Each structure stands twice: as C-alpha cells, then as structure tokens.
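Trainee: The structure follows.
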Amino acid sequence: MSNELAMKVLQWQSEGRVGVSSATMASIALGMDKNFYHEWFNPPWDPADLTRCMKLVEAIPEIRDHFPVIAEKCPKFAPILAHWDELIAMVKREWAAGNRAPETYARMKQLLGEA
C-alpha cells in the first residue's frame, strides 16, 4: 500500500458519498482484508452504487489498476469490472437523460446473475 494512495482514499472518504461497493474497491486497493466501511466486500447492486464507484475511480484513477485484485478478492465484483466501460457509459447516458437508469440496472442484474 502506498501512502499516496492511502491519502487520496482518506481525502475521497472525507469529501464524497461512500457506499459498501465503493469502499470495497478502495479497501482492496489499499491491501485490506476487510472493508473499512462495513463488515464485508460487495459489488454495486444498483446504478446509485455504481455511480459511487464511478466517482471513486474518477477521483482516484489508479484504483483501476487494482481491478484484477478487486475481482479476485470479491468475485461477485468481477463481471461488473469486466464490463466497467460499458456500464459507466450506460449510466452516464441515462443519468444525463433523467433521474433513473433502468437499462443500467437491468444490465447490472444480468451481469450479477440476478436477471
């Protein structure tokens, strides 16, 4: 774990909305075996969760370098990370058009094996 990354994560925590899935990404990137925000690691379950994850990666782009480790430590996250660019483009398009993201939600459920 680099001190620089740790400082960036602390700054992000203090400024933004943190959820279990975005904290999962940050915790694993920091080399932690437990989520600093909650008891377990979890992927995003809906577009709001995905957006918090997106904001983390926008704030700390090097989190992306940790996608393989995140997928390994939290296998449920793997399909989301494998389709990251697709999902982010989709959710941005839907948020820009209104305050709902039903296509993104449906695609996430499909990727998570819940559809």
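All residue names refer to the structure tokens as shown: chains lettered A, B, ... in order, residues numbered from 1 in each chain, ligands numbered from 1 in order.
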Got a sec: who's within 9 Å of Gly19 in chain A, counting only C-alpha atoms, leaving out chain neighbours fewer than 2 positions off, as a PDB file with N, CA and C atoms, in the first residue's frame?

Mentor:
ATOM      1  N   ARG A  17     -19.679  10.748  -1.080  1.00  0.00           N
ATOM      2  CA  ARG A  17     -20.602   9.741  -0.575  1.00  0.00           C
ATOM      3  C   ARG A  17     -19.947   8.387  -0.764  1.00  0.00           C
ATOM      4  N   SER A  21     -19.925  -0.731  -1.811  1.00  0.00           N
ATOM      5  CA  SER A  21     -19.201  -1.174  -3.006  1.00  0.00           C
ATOM      6  C   SER A  21     -18.003  -0.274  -3.325  1.00  0.00           C
ATOM      7  N   SER A  22     -18.154   1.034  -3.195  1.00  0.00           N
ATOM      8  CA  SER A  22     -17.008   1.909  -3.447  1.00  0.00           C
ATOM      9  C   SER A  22     -15.945   1.726  -2.364  1.00  0.00           C
ATOM     10  N   ALA A  23     -16.372   1.523  -1.129  1.00  0.00           N
ATOM     11  CA  ALA A  23     -15.421   1.248  -0.048  1.00  0.00           C
ATOM     12  C   ALA A  23     -14.739  -0.102  -0.264  1.00  0.00           C
ATOM     13  N   THR A  24     -15.456  -1.060  -0.858  1.00  0.00           N
ATOM     14  CA  THR A  24     -14.841  -2.344  -1.205  1.00  0.00           C
ATOM     15  C   THR A  24     -13.677  -2.109  -2.139  1.00  0.00           C
ATOM     16  N   TYR A  37     -15.566   0.276   5.619  1.00  0.00           N
ATOM     17  CA  TYR A  37     -16.881   0.914   5.756  1.00  0.00           C
ATOM     18  C   TYR A  37     -17.920  -0.044   6.327  1.00  0.00           C
ATOM     19  N   HIS A  38     -17.744  -1.310   6.108  1.00  0.00           N
ATOM     20  CA  HIS A  38     -18.724  -2.314   6.502  1.00  0.00           C
ATOM     21  C   HIS A  38     -17.998  -3.617   6.792  1.00  0.00           C
ATOM     22  N   PRO A  44     -21.374  -3.294  -6.551  1.00  0.00           N
ATOM     23  CA  PRO A  44     -22.532  -2.405  -6.621  1.00  0.00           C
ATOM     24  C   PRO A  44     -23.781  -3.196  -7.011  1.00  0.00           C
ATOM     25  N   ASP A  49     -25.198   2.767  -6.528  1.00  0.00           N
ATOM     26  CA  ASP A  49     -23.943   2.169  -6.053  1.00  0.00           C
ATOM     27  C   ASP A  49     -22.860   2.284  -7.121  1.00  0.00           C
ATOM     28  N   ARG A  52     -21.384   5.719  -7.252  1.00  0.00           N
ATOM     29  CA  ARG A  52     -20.406   5.987  -6.194  1.00  0.00           C
ATOM     30  C   ARG A  52     -19.053   5.364  -6.551  1.00  0.00           C
ATOM     31  N   CYS A  53     -19.084   4.164  -7.128  1.00  0.00           N
ATOM     32  CA  CYS A  53     -17.847   3.520  -7.579  1.00  0.00           C
ATOM     33  C   CYS A  53     -17.194   4.336  -8.701  1.00  0.00           C
TER      34      CYS A  53
END

Trainee: Go through chain A and collect every residue that DSSP, computed from the backbone, puts in alpha helix (DSSP H); the answer should be as a PyMOL selection string.

Mentor: chain A and resi 3-15+20-29+47-59+67-73+78-82+84-97+102-111

Trainee: Can you list, as a PyMOL selection string, every protein, DNA or RNA residue that comes within 12 Å of Met108 in chain A when you count only C-alpha atoms, leaving out same-chain residues fewer than 4 positions away?

Mentor: chain A and resi 43-50+76-84+86-88+90-91+101-104+112-115

Trainee: Please, could you write that set of residues out with N, CA, C and O atoms as a CSV table (one decimal), in the first residue's frame?

Mentor:
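Output file out_15.csv is given in full below:
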chain,number,residue,atom,x,y,z
A,43,PRO,N,-20.1,-6.0,-4.4
A,43,PRO,CA,-20.1,-5.2,-5.6
A,43,PRO,C,-21.3,-4.2,-5.6
A,43,PRO,O,-22.1,-4.3,-4.7
A,44,PRO,N,-21.4,-3.3,-6.6
A,44,PRO,CA,-22.5,-2.4,-6.6
A,44,PRO,C,-23.8,-3.2,-7.0
A,44,PRO,O,-23.7,-4.1,-7.9
A,45,TRP,N,-24.9,-2.9,-6.4
A,45,TRP,CA,-26.1,-3.6,-6.7
A,45,TRP,C,-27.1,-2.8,-7.5
A,45,TRP,O,-28.1,-3.4,-8.0
A,46,ASP,N,-26.9,-1.5,-7.7
A,46,ASP,CA,-27.8,-0.7,-8.5
A,46,ASP,C,-27.0,0.5,-9.0
A,46,ASP,O,-25.9,0.7,-8.7
A,47,PRO,N,-27.7,1.3,-9.9
A,47,PRO,CA,-27.0,2.4,-10.5
A,47,PRO,C,-26.4,3.4,-9.5
A,47,PRO,O,-25.4,4.0,-9.8
A,48,ALA,N,-27.1,3.6,-8.4
A,48,ALA,CA,-26.6,4.6,-7.4
A,48,ALA,C,-25.2,4.1,-6.8
A,48,ALA,O,-24.3,4.8,-6.7
A,49,ASP,N,-25.2,2.8,-6.5
A,49,ASP,CA,-23.9,2.2,-6.1
A,49,ASP,C,-22.9,2.3,-7.1
A,49,ASP,O,-21.7,2.6,-6.8
A,50,LEU,N,-23.2,2.0,-8.4
A,50,LEU,CA,-22.3,2.0,-9.5
A,50,LEU,C,-21.7,3.4,-9.6
A,50,LEU,O,-20.5,3.7,-9.8
A,76,LYS,N,-17.8,-11.6,-6.9
A,76,LYS,CA,-19.1,-11.0,-7.3
A,76,LYS,C,-18.9,-9.7,-8.1
A,76,LYS,O,-19.7,-9.3,-8.9
A,77,PHE,N,-17.7,-9.0,-7.8
A,77,PHE,CA,-17.4,-7.8,-8.5
A,77,PHE,C,-16.9,-8.0,-9.9
A,77,PHE,O,-16.9,-7.1,-10.7
A,78,ALA,N,-16.3,-9.2,-10.1
A,78,ALA,CA,-15.6,-9.4,-11.4
A,78,ALA,C,-16.4,-9.1,-12.6
A,78,ALA,O,-15.9,-8.4,-13.5
A,79,PRO,N,-17.7,-9.5,-12.8
A,79,PRO,CA,-18.4,-9.2,-14.0
A,79,PRO,C,-18.7,-7.7,-14.2
A,79,PRO,O,-18.7,-7.2,-15.3
A,80,ILE,N,-18.8,-7.0,-13.1
A,80,ILE,CA,-19.0,-5.5,-13.2
A,80,ILE,C,-17.7,-4.9,-13.7
A,80,ILE,O,-17.8,-4.0,-14.6
A,81,LEU,N,-16.6,-5.3,-13.1
A,81,LEU,CA,-15.3,-4.7,-13.6
A,81,LEU,C,-15.0,-5.1,-15.0
A,81,LEU,O,-14.4,-4.3,-15.8
A,82,ALA,N,-15.4,-6.3,-15.4
A,82,ALA,CA,-15.1,-6.8,-16.8
A,82,ALA,C,-15.9,-6.0,-17.8
A,82,ALA,O,-15.5,-5.8,-19.0
A,83,HIS,N,-17.0,-5.4,-17.4
A,83,HIS,CA,-17.9,-4.6,-18.2
A,83,HIS,C,-17.9,-3.1,-17.8
A,83,HIS,O,-18.9,-2.4,-18.0
A,84,TRP,N,-16.9,-2.7,-17.1
A,84,TRP,CA,-16.8,-1.4,-16.5
A,84,TRP,C,-17.1,-0.2,-17.5
A,84,TRP,O,-18.0,0.6,-17.3
A,86,GLU,N,-18.5,-0.2,-20.4
A,86,GLU,CA,-19.9,-0.3,-20.9
A,86,GLU,C,-20.9,0.2,-19.9
A,86,GLU,O,-21.8,1.0,-20.2
A,87,LEU,N,-20.8,-0.2,-18.6
A,87,LEU,CA,-21.7,0.2,-17.6
A,87,LEU,C,-21.6,1.7,-17.3
A,87,LEU,O,-22.6,2.4,-17.1
A,88,ILE,N,-20.4,2.2,-17.3
A,88,ILE,CA,-20.2,3.6,-17.0
A,88,ILE,C,-20.8,4.5,-18.1
A,88,ILE,O,-21.5,5.5,-17.8
A,90,MET,N,-23.2,3.6,-20.0
A,90,MET,CA,-24.6,3.5,-20.0
A,90,MET,C,-25.2,4.3,-18.8
A,90,MET,O,-26.2,5.0,-19.1
A,91,VAL,N,-24.6,4.3,-17.7
A,91,VAL,CA,-25.2,5.0,-16.5
A,91,VAL,C,-25.1,6.5,-16.8
A,91,VAL,O,-26.0,7.3,-16.4
A,101,ALA,N,-32.1,5.0,-14.1
A,101,ALA,CA,-31.2,4.3,-15.0
A,101,ALA,C,-31.6,2.9,-15.1
A,101,ALA,O,-30.9,1.9,-14.7
A,102,PRO,N,-32.8,2.6,-15.7
A,102,PRO,CA,-33.3,1.3,-15.8
A,102,PRO,C,-32.5,0.3,-16.7
A,102,PRO,O,-32.4,-0.9,-16.3
A,103,GLU,N,-32.0,0.8,-17.7
A,103,GLU,CA,-31.1,-0.1,-18.6
A,103,GLU,C,-29.9,-0.5,-17.9
A,103,GLU,O,-29.5,-1.7,-17.9
A,104,THR,N,-29.3,0.4,-17.2
A,104,THR,CA,-28.1,0.1,-16.4
A,104,THR,C,-28.4,-0.9,-15.3
A,104,THR,O,-27.7,-1.9,-15.1
A,112,LEU,N,-24.7,-9.7,-12.7
A,112,LEU,CA,-24.6,-10.3,-11.4
A,112,LEU,C,-25.4,-11.6,-11.3
A,112,LEU,O,-25.4,-12.2,-10.2
A,113,GLY,N,-25.9,-12.1,-12.4
A,113,GLY,CA,-26.6,-13.4,-12.4
A,113,GLY,C,-28.0,-13.3,-11.7
A,113,GLY,O,-28.5,-14.3,-11.2
A,114,GLU,N,-28.6,-12.1,-11.6
A,114,GLU,CA,-29.9,-12.0,-10.9
A,114,GLU,C,-31.0,-11.7,-11.9
A,114,GLU,O,-32.1,-11.4,-11.4
A,115,ALA,N,-30.8,-11.7,-13.1
A,115,ALA,CA,-31.8,-11.4,-14.1
A,115,ALA,C,-32.3,-12.7,-14.8
A,115,ALA,O,-31.6,-13.7,-14.9

Trainee: Give me, as number ranges by chain, all polymer residues having an atom no more than 6 Å from range 59-75 of chain A, counting only C-alpha atoms and skipping those fewer than 3 positions away in the same chain.

Mentor: A: 28-29, 56, 78

Trainee: Write the residues of the selection above to a file with N, CA and C atoms, as a tab-separated table (two decimals), in the first residue's frame.

Mentor:
chain	number	residue	atom	x	y	z
A	28	ILE	N	-9.76	-2.79	-0.88
A	28	ILE	CA	-8.94	-3.80	-1.54
A	28	ILE	C	-7.71	-3.15	-2.19
A	29	ALA	N	-7.91	-1.99	-2.80
A	29	ALA	CA	-6.78	-1.29	-3.42
A	29	ALA	C	-5.71	-0.95	-2.37
A	56	LEU	N	-15.46	7.33	-7.33
A	56	LEU	CA	-14.19	6.95	-6.72
A	56	LEU	C	-13.11	6.83	-7.79
A	78	ALA	N	-16.34	-9.17	-10.14
A	78	ALA	CA	-15.63	-9.43	-11.40
A	78	ALA	C	-16.44	-9.08	-12.65

Trainee: Grab the CA of Asn42 in chain A to CA of Val20 in chain A distance for me, in Å with one decimal place.

Mentor: 6.4 Å

Trainee: So how far away is CA of Val18 in chain A from CA of Lys55 in chain A, in Å?

Mentor: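 Atom-to-atom, CA of Lys55 in chain A to CA of Val18 in chain A, that is 9.6 Å.
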
Trainee: One number please: CA of Lys8 in chain A to CA of Ala96 in chain A, in Å, one decimal.

Mentor: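 These atoms are spaced 27.6 Å apart.
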
Trainee: With distances taken over only C-alpha atoms, which residue among A:Glu94, A:Ser27, A:Trp12, A:Val57 lies nearest Glu39 in chain A?

Mentor: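 Selected residue with least distance to Glu39 in chain A: A:Ser27.
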